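Trainee: One file: protein23.cif (mmCIF, C-alpha atoms).
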data_input
#
loop_
_atom_site.label_atom_id
_atom_site.label_comp_id
_atom_site.auth_asym_id
_atom_site.auth_seq_id
_atom_site.Cartn_x
_atom_site.Cartn_y
_atom_site.Cartn_z
CA MET A 1139 76.35 65.39 88.32
CA SER A 1140 78.75 66.93 85.84
CA LYS A 1141 81.47 69.20 87.11
CA LEU A 1142 81.14 72.89 86.50
CA GLN A 1143 83.37 73.99 83.68
CA ASN A 1144 85.23 77.27 83.61
CA PRO A 1145 83.41 79.79 81.42
CA ARG A 1146 85.11 80.50 78.15
CA LEU A 1147 86.23 84.10 77.95
CA GLY A 1148 86.37 86.20 74.84
CA PRO A 1149 89.74 87.48 73.59
CA LEU A 1150 89.44 90.94 75.17
CA PRO A 1151 88.16 89.79 78.59
CA TYR A 1152 90.83 87.07 78.60
CA LEU A 1153 93.54 89.63 77.84
CA ILE A 1154 92.31 91.99 80.54
CA PHE A 1155 92.00 89.22 83.11
CA SER A 1156 95.42 87.82 82.23
CA SER A 1157 97.01 91.23 82.74
CA ARG A 1158 97.07 90.45 86.46
CA TRP A 1159 100.16 88.31 85.79
CA LEU A 1160 102.06 91.50 85.02
CA GLN A 1161 102.28 91.89 88.79
CA LEU A 1162 104.27 88.67 89.12
CA PRO A 1163 107.68 90.33 88.50
CA LEU A 1164 106.78 92.88 91.17
CA TYR A 1165 106.24 90.20 93.79
CA LEU A 1166 109.40 88.39 92.68
CA GLY A 1167 111.24 91.69 93.10
CA LEU A 1168 109.91 91.96 96.64
CA ILE A 1169 111.31 88.50 97.34
CA VAL A 1170 114.71 89.81 96.22
CA ALA A 1171 114.21 92.77 98.56
CA GLN A 1172 113.48 90.27 101.33
CA CYS A 1173 116.84 88.63 100.65
CA VAL A 1174 118.53 92.03 100.92
CA TYR A 1175 116.91 92.57 104.32
CA VAL A 1176 118.14 89.16 105.46
CA PHE A 1177 121.66 90.20 104.48
CA LEU A 1178 121.22 93.53 106.30
CA PHE A 1179 119.98 91.72 109.42
CA MET A 1180 122.95 89.37 109.45
CA LYS A 1181 125.38 92.25 108.92
CA GLU A 1182 123.94 94.19 111.85
CA LEU A 1183 123.90 91.05 114.00
CA VAL A 1184 127.58 90.40 113.28
CA HIS A 1185 128.31 94.04 114.11
CA LEU A 1186 126.46 93.68 117.42
CA ILE A 1187 128.32 90.51 118.39
CA HIS A 1188 131.72 91.79 117.28
CA ASP A 1189 131.46 95.14 119.09
CA ALA A 1190 129.47 93.97 122.12
CA ASN A 1191 132.39 94.67 124.49
CA THR A 1192 132.85 98.26 123.34
CA LEU A 1193 129.26 99.33 122.74
CA SER A 1194 127.36 101.22 125.38
CA GLU A 1195 123.99 100.04 126.65
CA GLN A 1196 122.31 102.69 124.52
CA GLY A 1197 124.31 101.63 121.47
CA ILE A 1198 123.31 97.99 121.95
CA MET A 1199 119.68 99.01 122.40
CA LEU A 1200 119.73 101.02 119.18
CA ILE A 1201 121.21 98.13 117.22
CA VAL A 1202 118.65 95.71 118.67
CA LEU A 1203 115.86 98.12 117.76
CA GLY A 1204 117.33 98.26 114.28
CA LEU A 1205 117.18 94.46 114.09
CA ILE A 1206 113.56 94.51 115.24
CA ASP A 1207 112.85 97.15 112.61
CA VAL A 1208 114.31 94.90 109.90
CA VAL A 1209 112.18 91.97 111.13
CA MET A 1210 109.00 94.05 111.10
CA ILE A 1211 109.71 95.33 107.59
CA SER A 1212 110.36 91.73 106.56
CA ASN A 1213 106.99 90.74 108.03
CA LEU A 1214 105.40 93.55 106.05
CA LEU A 1215 107.04 92.23 102.89
CA VAL A 1216 105.68 88.74 103.58
CA MET A 1217 102.17 90.12 104.01
CA VAL A 1218 102.41 92.08 100.78
CA ILE A 1219 103.96 89.21 98.80
CA VAL A 1220 101.73 86.39 100.03
CA GLY A 1221 98.54 88.34 100.66
CA GLY A 1222 98.87 90.49 97.56
CA TYR A 1223 99.57 87.54 95.29
CA GLU A 1224 96.66 85.60 96.78
CA THR A 1225 94.31 88.58 96.46
CA PHE A 1226 95.27 90.12 93.14
CA VAL A 1227 97.07 87.48 91.06
CA SER A 1228 96.23 83.85 91.75
CA ARG A 1229 95.29 81.51 94.55
CA LEU A 1230 98.10 79.69 96.32
CA ASN A 1231 95.86 76.72 97.24
CA LEU A 1232 97.26 76.47 100.76
CA GLN A 1233 94.05 75.17 102.33
CA GLY A 1234 94.95 72.41 104.75
CA HIS A 1235 98.67 73.12 104.56
CA PRO A 1236 100.24 72.94 108.06
CA ASP A 1237 102.25 76.11 107.46
CA GLN A 1238 99.39 78.21 106.13
CA PRO A 1239 99.42 81.61 107.89
CA GLU A 1240 96.37 82.12 110.09
CA TRP A 1241 95.57 85.49 108.57
CA LEU A 1242 95.69 84.17 105.00
CA SER A 1243 92.52 82.10 105.42
CA HIS A 1244 90.35 85.21 105.51
CA VAL A 1245 92.48 87.67 103.60
CA ASN A 1246 90.96 90.09 101.13
CA ALA A 1247 91.75 93.58 99.92
CA SER A 1248 90.16 95.24 102.96
CA VAL A 1249 91.80 92.95 105.52
CA LEU A 1250 95.16 93.29 103.80
CA LYS A 1251 94.82 97.06 103.81
CA VAL A 1252 94.16 97.19 107.56
CA LYS A 1253 96.98 94.75 108.35
CA LEU A 1254 99.43 96.75 106.26
CA ALA A 1255 98.39 99.94 108.06
CA MET A 1256 98.98 98.28 111.43
CA ALA A 1257 102.36 96.98 110.27
CA ILE A 1258 103.39 100.45 109.13
CA ILE A 1259 102.40 101.85 112.53
CA GLY A 1260 104.55 99.21 114.22
CA ILE A 1261 107.54 100.11 112.05
CA SER A 1262 106.98 103.80 112.69
CA SER A 1263 106.84 103.10 116.43
CA ILE A 1264 110.25 101.45 116.33
CA HIS A 1265 111.72 104.39 114.42
CA LEU A 1266 110.14 106.83 116.87
CA LEU A 1267 111.50 104.90 119.85
CA LYS A 1268 114.99 104.97 118.32
CA THR A 1269 114.63 108.71 117.83
CA PHE A 1270 113.57 109.22 121.45
CA ILE A 1271 116.57 107.23 122.65
CA GLU A 1272 118.93 109.19 120.42
CA ALA A 1273 117.31 112.43 121.58
CA GLY A 1274 119.34 112.11 124.76
CA THR A 1275 122.42 113.10 122.77
CA MET A 1276 120.91 116.55 122.24
CA ASP A 1277 121.28 117.25 125.95
CA ALA A 1278 124.92 116.18 125.75
CA GLY A 1279 125.64 119.12 123.47
CA LEU A 1280 126.87 116.99 120.58
CA PRO A 1281 127.10 118.78 117.22
CA LEU A 1282 124.90 117.82 114.30
CA CYS A 1283 126.53 115.19 112.09
CA GLY A 1284 127.85 116.52 108.80
CA THR A 1285 128.68 119.96 110.13
CA THR A 1286 132.13 121.45 110.59
CA ASP A 1287 131.80 121.19 114.37
CA ALA A 1288 131.07 117.47 114.04
CA VAL A 1289 134.20 116.92 111.93
CA LEU A 1290 136.35 118.78 114.44
CA ALA A 1291 134.80 116.86 117.32
CA ALA A 1292 135.50 113.55 115.57
CA LYS A 1293 139.14 114.50 115.00
CA ALA A 1294 139.56 115.57 118.62
CA ALA A 1295 137.97 112.35 119.86
CA ALA A 1296 140.25 110.29 117.63
CA GLU A 1297 143.32 112.05 119.01
CA LEU A 1298 142.18 111.54 122.61
CA ALA A 1299 141.30 107.89 122.04
CA ALA A 1300 144.87 106.92 121.12
CA GLY A 1301 143.93 103.35 120.30
CA ASN A 1302 141.32 102.99 123.03
CA ALA A 1303 138.54 101.00 121.34
CA ALA A 1304 135.95 102.01 123.91
CA MET A 1305 136.57 105.70 123.29
CA LEU A 1306 136.60 105.20 119.54
CA ALA A 1307 133.08 103.77 119.78
CA THR A 1308 131.82 106.89 121.56
CA LYS A 1309 129.49 109.06 119.50
CA THR A 1310 130.85 112.48 118.65
CA CYS A 1311 127.83 113.85 116.80
CA THR A 1312 124.07 113.46 116.63
CA THR A 1313 121.58 113.14 113.79
CA THR A 1314 118.64 114.11 115.98
CA THR A 1315 117.17 117.59 116.16
CA THR A 1316 114.22 118.98 118.08
CA THR A 1317 112.42 119.76 114.84
CA GLY A 1318 113.06 116.25 113.57
CA VAL A 1319 111.65 114.67 116.73
CA ILE A 1320 108.53 116.83 116.54
CA TRP A 1321 107.91 116.07 112.87
CA GLN A 1322 108.48 112.35 113.34
CA THR A 1323 105.97 112.36 116.21
CA VAL A 1324 103.44 114.21 114.07
CA ILE A 1325 103.93 111.79 111.18
CA HIS A 1326 103.51 108.83 113.53
CA GLY A 1327 100.27 110.35 114.79
CA ALA A 1328 99.13 110.78 111.19
CA PHE A 1329 99.81 107.08 110.56
CA ILE A 1330 97.68 106.17 113.57
CA LEU A 1331 94.82 108.42 112.46
CA SER A 1332 95.03 106.98 108.95
CA ALA A 1333 94.84 103.43 110.28
CA ILE A 1334 91.84 104.35 112.43
CA GLY A 1335 90.17 105.92 109.41
CA ILE A 1336 90.86 102.86 107.25
CA ALA A 1337 89.52 100.50 109.92
CA TYR A 1338 86.42 102.64 110.46
CA THR A 1339 85.72 102.88 106.74
CA ASP A 1340 86.16 99.14 106.39
CA ARG A 1341 83.73 98.58 109.26
CA LEU A 1342 81.13 100.84 107.64
CA MET A 1343 81.49 98.99 104.34
CA ASN A 1344 81.16 95.59 106.01
CA THR A 1345 78.10 96.77 107.94
CA ALA A 1346 76.46 98.09 104.77
CA THR A 1347 77.23 94.83 102.95
CA ALA A 1348 75.79 92.75 105.80
CA LYS A 1349 72.59 94.81 105.80
CA ALA A 1350 72.27 94.48 102.03
CA HIS A 1351 72.50 90.69 102.23
CA LYS A 1352 70.29 90.39 105.31
CA PRO A 1353 66.97 88.75 104.38
CA ALA A 1354 63.89 90.88 104.88
CA HIS A 1355 61.42 89.75 107.55
#
Kindly transcribe the structure held in the file into structure tokens.
Mentor:
Amino acid sequence: MSKLQNPRLGPLPYLIFSSRWLQLPLYLGLIVAQCVYVFLFMKELVHLIHDANTLSEQGIMLIVLGLIDVVMISNLLVMVIVGGYETFVSRLNLQGHPDQPEWLSHVNASVLKVKLAMAIIGISSIHLLKTFIEAGTMDAGLPLCGTTDAVLAAKAAAELAAGNAAMLATKTCTTTTTTGVIWQTVIHGAFILSAIGIAYTDRLMNTATAKAHKPAH
């Protein structure tokens, strides 16, 4: 039996179909962004190790959450790069490869969309947790960073520290406000509702497709 040959495309269909390769620089750019996040992760890790003796428990927790945030964003980049390239540009031909991601075997536009939504919710959860931890500084009466009171507080703390590294590491201002916490919570809830809507819509589409292909009795 002769092998099936690829159909010969006309000039215009070939041009339109080949336009998918215009996305290649975009995915290569995301790989560069991945490298930047690796550098950021290492920089924060060095900061954590170097200042471990002077950081408070809350400070260490915030840095660790920042590292987790970087990892989750990196995972999101991998899903977009690998899944997007496989779905919209060209096949990677990883079938049978020992390092093939489990989710890549059944990836399509709908699956990728749901996975990206879940990844964004995870990243938003980390940011919200960091905000809740930092919200404790509001009760301490710290001024808002960038204000005149914050500058004066920083100068006063520097004078009192007098070379004490532990006191120098103490926060003298906060970036968290009640309004900011409320809005971040609302936005996180919107992400969750959006993901539920995407998953529900995808389920309806899959159900309709299954019924359309179901043989009549």
Trainee: Extract, using all atoms listed in the file, all DNA, RNA and protein residues at most 9 Å from range 1333-1347 of chain A, discarding same-chain residues fewer than 6 positions from it, and format them as a list in words.
Mentor: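 So, after excluding close chain neighbours, the residues are Ser1248, Val1249, Lys1251, Val1252, Ala1255, Met1256 and Ile1259 of chain A.
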Trainee: Can you list, as a list in words, every protein, DNA or RNA residue that comes within 12 Å of Pro1163 in chain A when you count only C-alpha atoms, leaving out same-chain residues fewer than 4 positions away?
Mentor: Arg1158, Trp1159, Gly1167, Leu1168, Ile1169, Val1170, Ile1219, Tyr1223 and Val1227 of chain A
Trainee: Evaluating the PyMOL selection byres ((chain A and resi 1265-1270) around 7) on the displayed file yields which residues, as a list of chain:residue names?
Mentor: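 On the file shown, the PyMOL selection byres ((chain A and resi 1265-1270) around 7) covers A:Leu1200, A:Leu1203, A:Ile1261, A:Ser1262, A:Ser1263, A:Ile1264, A:Ile1271, A:Glu1272, A:Ala1273, A:Thr1314, A:Val1319, A:Gln1322, A:Thr1323.
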Trainee: In Å to one decimal, how far is CA of Gln1233 in chain A from CA of Val1220 in chain A?
Mentor: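 So the two atoms, CA of Val1220 in chain A and CA of Gln1233 in chain A, lie 13.8 Å apart.
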Trainee: Tell me which protein, DNA and RNA residues are within 12 Å of Ser1156 in chain A, counting only C-alpha atoms, leaving out same-chain ones fewer than 6 positions away, and put them as a JSON list (two decimals) with C-alpha atoms, keeping the file's coordinate frame.
Mentor:
[["chain", "number", "residue", "atom", "x", "y", "z"],
["A", 1147, "LEU", "CA", 86.23, 84.10, 77.95],
["A", 1148, "GLY", "CA", 86.37, 86.20, 74.84],
["A", 1149, "PRO", "CA", 89.74, 87.48, 73.59],
["A", 1150, "LEU", "CA", 89.44, 90.94, 75.17],
["A", 1162, "LEU", "CA", 104.27, 88.67, 89.12],
["A", 1226, "PHE", "CA", 95.27, 90.12, 93.14],
["A", 1227, "VAL", "CA", 97.07, 87.48, 91.06],
["A", 1228, "SER", "CA", 96.23, 83.85, 91.75]]
Trainee: Report, in Å to a single decimal, how far apart CA of Ile1330 in chain A and CA of Ile1198 in chain A are.
Mentor: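 Between these atoms lies a distance of 28.2 Å.
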Trainee: Just the number, please: distance in Å from CA of Ile1258 in chain A to CA of Leu1242 in chain A, one decimal.
Mentor: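 Going from CA of Ile1258 in chain A over to CA of Leu1242 in chain A, I get 18.5 Å.
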Trainee: What's around Val1209 in chain A at 9 Å? Count only C-alpha atoms, leave out sequence neighbours fewer than 3 positions away in its own chain, and write the answer as a ChimeraX atom specification.
Mentor: /A:1175-1176,1179,1204-1206,1212-1214
Trainee: Pick from A:Pro1239, A:Gly1327, A:Trp1321, A:Gly1260: nearest to Val1216 in chain A, with all atoms listed in the file counted?
Mentor: A:Pro1239
Trainee: Closest to Asp1189 in chain A among A:Trp1241, A:Ala1257, A:Ile1201, A:Leu1331, using all atoms listed in the file?
Mentor: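 The shortest atom-to-atom distance to Asp1189 in chain A comes from A:Ile1201.
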Trainee: So which one's closest to Leu1186 in chain A, A:Cys1173, A:Val1202, A:Leu1153, A:Thr1317? Using all atoms listed in the file, please.
Mentor: A:Val1202
Trainee: With distances taken over only C-alpha atoms, which of A:Val1218, A:Ala1190, A:Leu1160, A:Ala1328 is nearest to Asn1246 in chain A?
Mentor: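 Closest to Asn1246 in chain A of all the choices is A:Val1218.
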